[in-house]
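Notes follow the structure.
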Amino acid sequence: MRSIAKSTVGMMLGAVVPWLAATAPGFSSSPDGQAFEQIQKGHYLANAADCFACHTQREGGKPFAGGRPIETPFGNITSPNITPDNETGIGAWTDNQFVRAVREGRGRDGSRLYPAMPYTSYTKMSRDDVLAIRAYLKTIQPVHRAVQSNTLPFPFNIRAVMRVWDALYFTPGEFKPDPKKSAVWNRGAFLVEGPGHCSACHTPKSFLGGDDTDAWLGGGKLQGWFAPDITGGMRQGLGSWTVSDIATYLKTGHNGITAATGPMAEEVLDSTSKLNDSDRMAMATYLRSLPSHSDQSAPKPAEQPVMVAGQAIYRDECSACHGLEGKGTPQLFPALAHSSIARADDPSTAIRLVLRGVRSVATKDEPTAPGMPSFGWQLNDAQVAAVLTYIGNTWNNAAAPVTADQVKQARKLLSLRNE
Amino acid sequence: MSRKLPKKDVVIIGLGWTGSIIANELTDESLDVIAIERGPWRDTPTDFPVNYMQDELRYHIRHELFLRPDQTTFTFRNKMSQTALPIRTWGAFMPPNGVGGGGVHWNAETWRFLPSDFVLKTHLTERYGAAFLPDDMTIQDWGVTYNDLEPHYDQFEYLCGTSGTAGNLNGQIQPGGNPFEGPRSRPYPNPAQKQGFGHTLYGKAAQELGYKPFPQPSGNMSQAYTNPLGLRMGQCTYCGFCEWFGCGNYSKASPQTTILPVLIRKPNFSVRDNAEVTRINLDRSGKRATGVTFVDTSGEEWEQPADLVILAAFSIFNVQLLMLSKIGQPYDPIANTGVIGRNFTHQTMSSVDGFFDKSKFNFNPFIASGAIGMVIDEFNGDNFDHSPLGFVGGGYLAYGQTNGRPITTTPTPPDTPKWGAQWKQAVRDNYLSTISGADVHGSMYSYRDVYLDLDPIYKDRFGRPLMRMTIDFHDNELKAAAYLTDKLDGIVKAMGANQTHKKPRKGPYDITTYQTTHLNGGAVMGADPKTSAINRYLQSWDVPNLFVMGASAFPQNAGYNPTGTVAALAFWSAAAIREQYLKNPGPLVHA
């Protein structure tokens, strides 16, 4: 619990904090525990921004005390302690320092942060939004825990290299509503582009790890997964999902089509399941409206012998749960006939699910957390490729054929991952 | 010296059906609950995956999911005059081990006992006179009635998504259901499973003979189901790997599919697996349990203190732990005193195989499910007049195609050689056209010389005496088996079998051949502490902060599978703890 001996100045200032903060740079305003609306708003936005996920160590870590390794293509970064501990957390940071870190990607001393901290998205939040998060973070239990954050290898450990990166990939600036769109759409756009930082995973990256904005939310690869296309595209995106399908998925981790697994399971658990229904509907409305970037015409169909083999394997191994027609069982067994994972041109996630098996997320509304067993010990590379090619090109699906070589590469990569 | 762990409100011994039920109920009371389980953690995708679970050799023949006799076993004898020997390979029953317990590997037949079963002694004495019962038969009333348990049967069926057809809704007999069942307050949560060709034929034949066949109540899902805890189950795929196996399809009711995902996410619940409780600890008065002692796989001994102890192991282990913890007076069959070990029972299973013309009948035996099938209940309990028959008790007569597995389900006519070319040809000729294992699920009533005690010779790895089973069939059960098997044979013949093979249960009791895993009694419930170990709420008469779950509470067995009743009793006991005991801890019944 926070010490009772909070500054009396802060207690007196409560309501005028935003004004003070905006006009007195460097002054560490200390909103008191009575700033209910601000703290509530900050808590909600911290959930929307999923601060918890990165800033809390898995398995028994204290909330927001940092220490979780964040995997990037350039090496691991360890998340810092953002509890209000004065020495090891952000207790002694000024509001300006905090706002600059979240919205501009600068450390307390002004050095550049790595975009594992998604300031490229958070910049869409207003100063007031970020100060609300700050107000909330001040109310949580301070944890004394020093974390060495920059654990990248040379040369990436030199923060100055980020100057170039920011120039290339970072557009600072608050979210500006599109007056031509509805309020719901704009709210969804704000949440997705801003705190939700969906693009961090779902937008493909350049070789330097910056967003490929031409393929905005068109699907991206990370940490051994492929985060699927979440635009409104029919072939690969969420075009065949209803707004309510998407909102239900964000709330419960499950819907009639698919289940959240891997990093998305965490995201649902820590973030979207904690938002309110209207915000989830808004996010869904916005996502469904996004144009697809991928070729909507079906790729060249797979060769017949592969499809025949794939069908035989599917019937033997998959159909008991996913059904002969690929319809599954709502909220329990995903409907592969409509799955964006099955349809993705990048089969990383599909291959991973088959090789490794996976556990879906458990939420308050959907506590079952059904899992799929591993088939990696049983099916060889060609067999995995055949069954995924069959699934990706049956019913209404039209995905690029999966090759045995892709499976072989995935197997090799996965053997190095222990999560 | 054992190391002492921080005290909990409740410690539960065993995390099978009853442990899971009671844990879920008591954590809802905000109590801090820990379960200690002898076996490993088990879950659907990791331990019963669809891509290797259907392995008859591994799970059925080699007993993968069961307790290893090396860890602990029992000694067995038929008669008090014999010297018992240790069981080194499981045969007549399969002791479960691990999270989920017997709920993992059951077939999921989900029955309610008859109203008269709970007042058996009174009922039979009133109808036939006390002299009608054999002298050494020790049956008694349960101290609880069907009406007491009805809401809790209902709770369990809705938890499990039981598939069935109601036969008696609030006193109104329903077409297509069991007309003999006690009144139920609402229909089953799911319709009965679709029946295969053989079952349909059995139902038709039974109907033509004047019986009232109905589908067996089944914990295999007839359709997708969401239970009251919000847990989802899938439709059964009729793969025919239920009993001896875990279900990989989320289709069979088990603690894993119906309770555990919710329970394990509660912050006030924790579990220790691979930890064997070696005794329940008592304070100096001997009237209060202070917790339990358990041993982990490193041989370290730990003490887990708790205010309330729930003994929820498999029936016979409950009795063993009571004896080793010196709780309650051990039963002495000679003096006829004491209660712990008294009224031990099993089941009296008989069966009939029917061989049909293969050009006309194809039963596709591999399209199967653990609890599917058609049943008649005319010869169960006291649903029929026993006066001219000279025995009491009965059983249901069922045909359920539970499996067509290649190693053990290869029925051949009785005169076939056991091996070689002729055997192979007979398997080929009969595999598809045989009704194998139409069965009589017979009751076994209790007797003075059928009991459990501590073996005077054999010890376990801790140097403690093994539990000794003394069990044999009595004439009453064998007469019933012969009579009921004839009735079943009549139905199989009426189905059109060319040849039938009657296999009525015969004595002596054989420990090597599987019957069922329904071991009952030994710590029975009742109204009188002289003849029962626990009161009507499953509370120990001797140690009021100890409750004993499970079939060890059955004063005698009925002609049904026990799980429905075991679970109903657990819910009934949980309600008594929640509504009465927690408000005023102490004896709930004053004898």
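Identifiers for the structure tokens are assigned positionally: chains receive A, B, ... in sequence, residues are indexed from 1 per chain, and ligands are indexed from 1 in the order shown.
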* To do: Taking only C-alpha atoms into account, report as an MDAnalysis selection string which residues of chain A lie within 10 Å of chain B.
  => chainID A and resid 316:321 323 328:333 357:359 362:375 378
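The list of residues with at least one atom within 12 Å of Lys287 (chain B), based on only C-alpha atoms and without residues fewer than 2 positions apart in the same chain, reads Ile280, Asn281, Leu282, Asp283, Arg284, Ser285, Ala289, Thr290, Ser325, Lys326, Ile327, Gly328, Ser540, Trp541, Asp542, Val543, Pro544, Asn545, Leu546, Gly586 and Pro587 of chain B.
CA of Pro411 (chain B) is found 21.4 Å from CA of Leu484 (chain B).
For region 333-460 of chain B, a DSSP pass over the backbone yields alpha helix (DSSP H) at Ala421, Gln422, Trp423, Lys424, Gln425, Ala426, Val427, Arg428, Asp429 and Asn430 of chain B.
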Taking only residues of region 111-131 of chain A that have an atom at most 12 Å from an atom of region 65-85 of chain A, what is each one's shortest atom pair and its distance in Å to one decimal, using only C-alpha atoms, in chain and number order, as a Markdown table?
```
| residue | atom | partner | partner_atom | distance |
| --- | --- | --- | --- | --- |
| A:Leu113 | CA | A:Ile77 | CA | 10.5 |
| A:Tyr114 | CA | A:Ile77 | CA | 8.4 |
| A:Pro115 | CA | A:Thr72 | CA | 9.5 |
| A:Ala116 | CA | A:Thr72 | CA | 7.2 |
| A:Met117 | CA | A:Ser79 | CA | 8.6 |
| A:Pro118 | CA | A:Ile70 | CA | 11.9 |
```
Residues from the last selection, N, CA and C atoms, saved as an mmCIF file, in the first residue's frame:
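Output file again.cif is given in full below:
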```cif
data_model
loop_
_atom_site.group_PDB
_atom_site.id
_atom_site.type_symbol
_atom_site.label_atom_id
_atom_site.label_comp_id
_atom_site.auth_asym_id
_atom_site.auth_seq_id
_atom_site.Cartn_x
_atom_site.Cartn_y
_atom_site.Cartn_z
ATOM 1 N N LEU A 113 14.491 5.836 -26.231
ATOM 2 C CA LEU A 113 14.047 4.475 -25.885
ATOM 3 C C LEU A 113 13.996 3.635 -27.144
ATOM 4 N N TYR A 114 13.967 2.358 -26.959
ATOM 5 C CA TYR A 114 13.752 1.456 -28.085
ATOM 6 C C TYR A 114 12.261 1.268 -28.286
ATOM 7 N N PRO A 115 11.849 1.053 -29.526
ATOM 8 C CA PRO A 115 10.400 1.001 -29.786
ATOM 9 C C PRO A 115 9.735 -0.290 -29.307
ATOM 10 N N ALA A 116 10.450 -1.124 -28.550
ATOM 11 C CA ALA A 116 9.761 -2.189 -27.835
ATOM 12 C C ALA A 116 8.740 -1.529 -26.916
ATOM 13 N N MET A 117 9.085 -0.334 -26.437
ATOM 14 C CA MET A 117 8.124 0.540 -25.780
ATOM 15 C C MET A 117 7.367 1.241 -26.904
ATOM 16 N N PRO A 118 6.082 0.949 -27.083
ATOM 17 C CA PRO A 118 5.408 1.405 -28.327
ATOM 18 C C PRO A 118 5.002 2.873 -28.292
#
```
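Counting from CA of Trp185 (chain A), the distance to CA of Asp166 (chain A) is 28.3 Å.
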* To do: Find the residues around region 150-167 of chain B up to 8 Å (only C-alpha atoms counted), leave out those fewer than 4 positions away in its own chain, and share them as number ranges by chain.
  => B: 110, 112, 146, 173-181, 184-193, 214-222, 225-229, 253-254, 258, 564-565, 567-569, 571-572
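Each of B:Phe245, B:Gly102, B:Leu452, B:Tyr128 was checked against His518 (chain B) using only C-alpha atoms; the smallest atom-to-atom distance is that of B:Gly102.
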* In terms of the shortest atom-to-atom distance over only C-alpha atoms, which of B:Pro414, B:Gly196, B:Gly299, B:Pro504 is closest to Gly442 (chain B)? -> B:Pro504
* **Within 9 Å of region 24-36 of chain B using only C-alpha atoms, minus same-chain residues under 6 positions, as an MDAnalysis selection string** => chainID B and resid 8:15 259:260 262:263 266:277 294 306 571 574:575 577:578
* For Gln347 (chain B), list every protein, DNA or RNA residue within 9 Å, evaluated using only C-alpha atoms, and leave out those in the same chain fewer than 2 positions away; present the list as number ranges by chain. => B: 345, 349, 441-445, 515-520, 557-560
* Asked: Hey, can you check how far CA of Thr402 (chain B) sits from CA of Gln425 (chain B)?
  -> 23.4 Å
* 10 Å contact set for Glu87 (chain A), only C-alpha atoms, chain neighbours under 4 positions out, as a PyMOL selection string -> chain A and resi 91-93+142-146
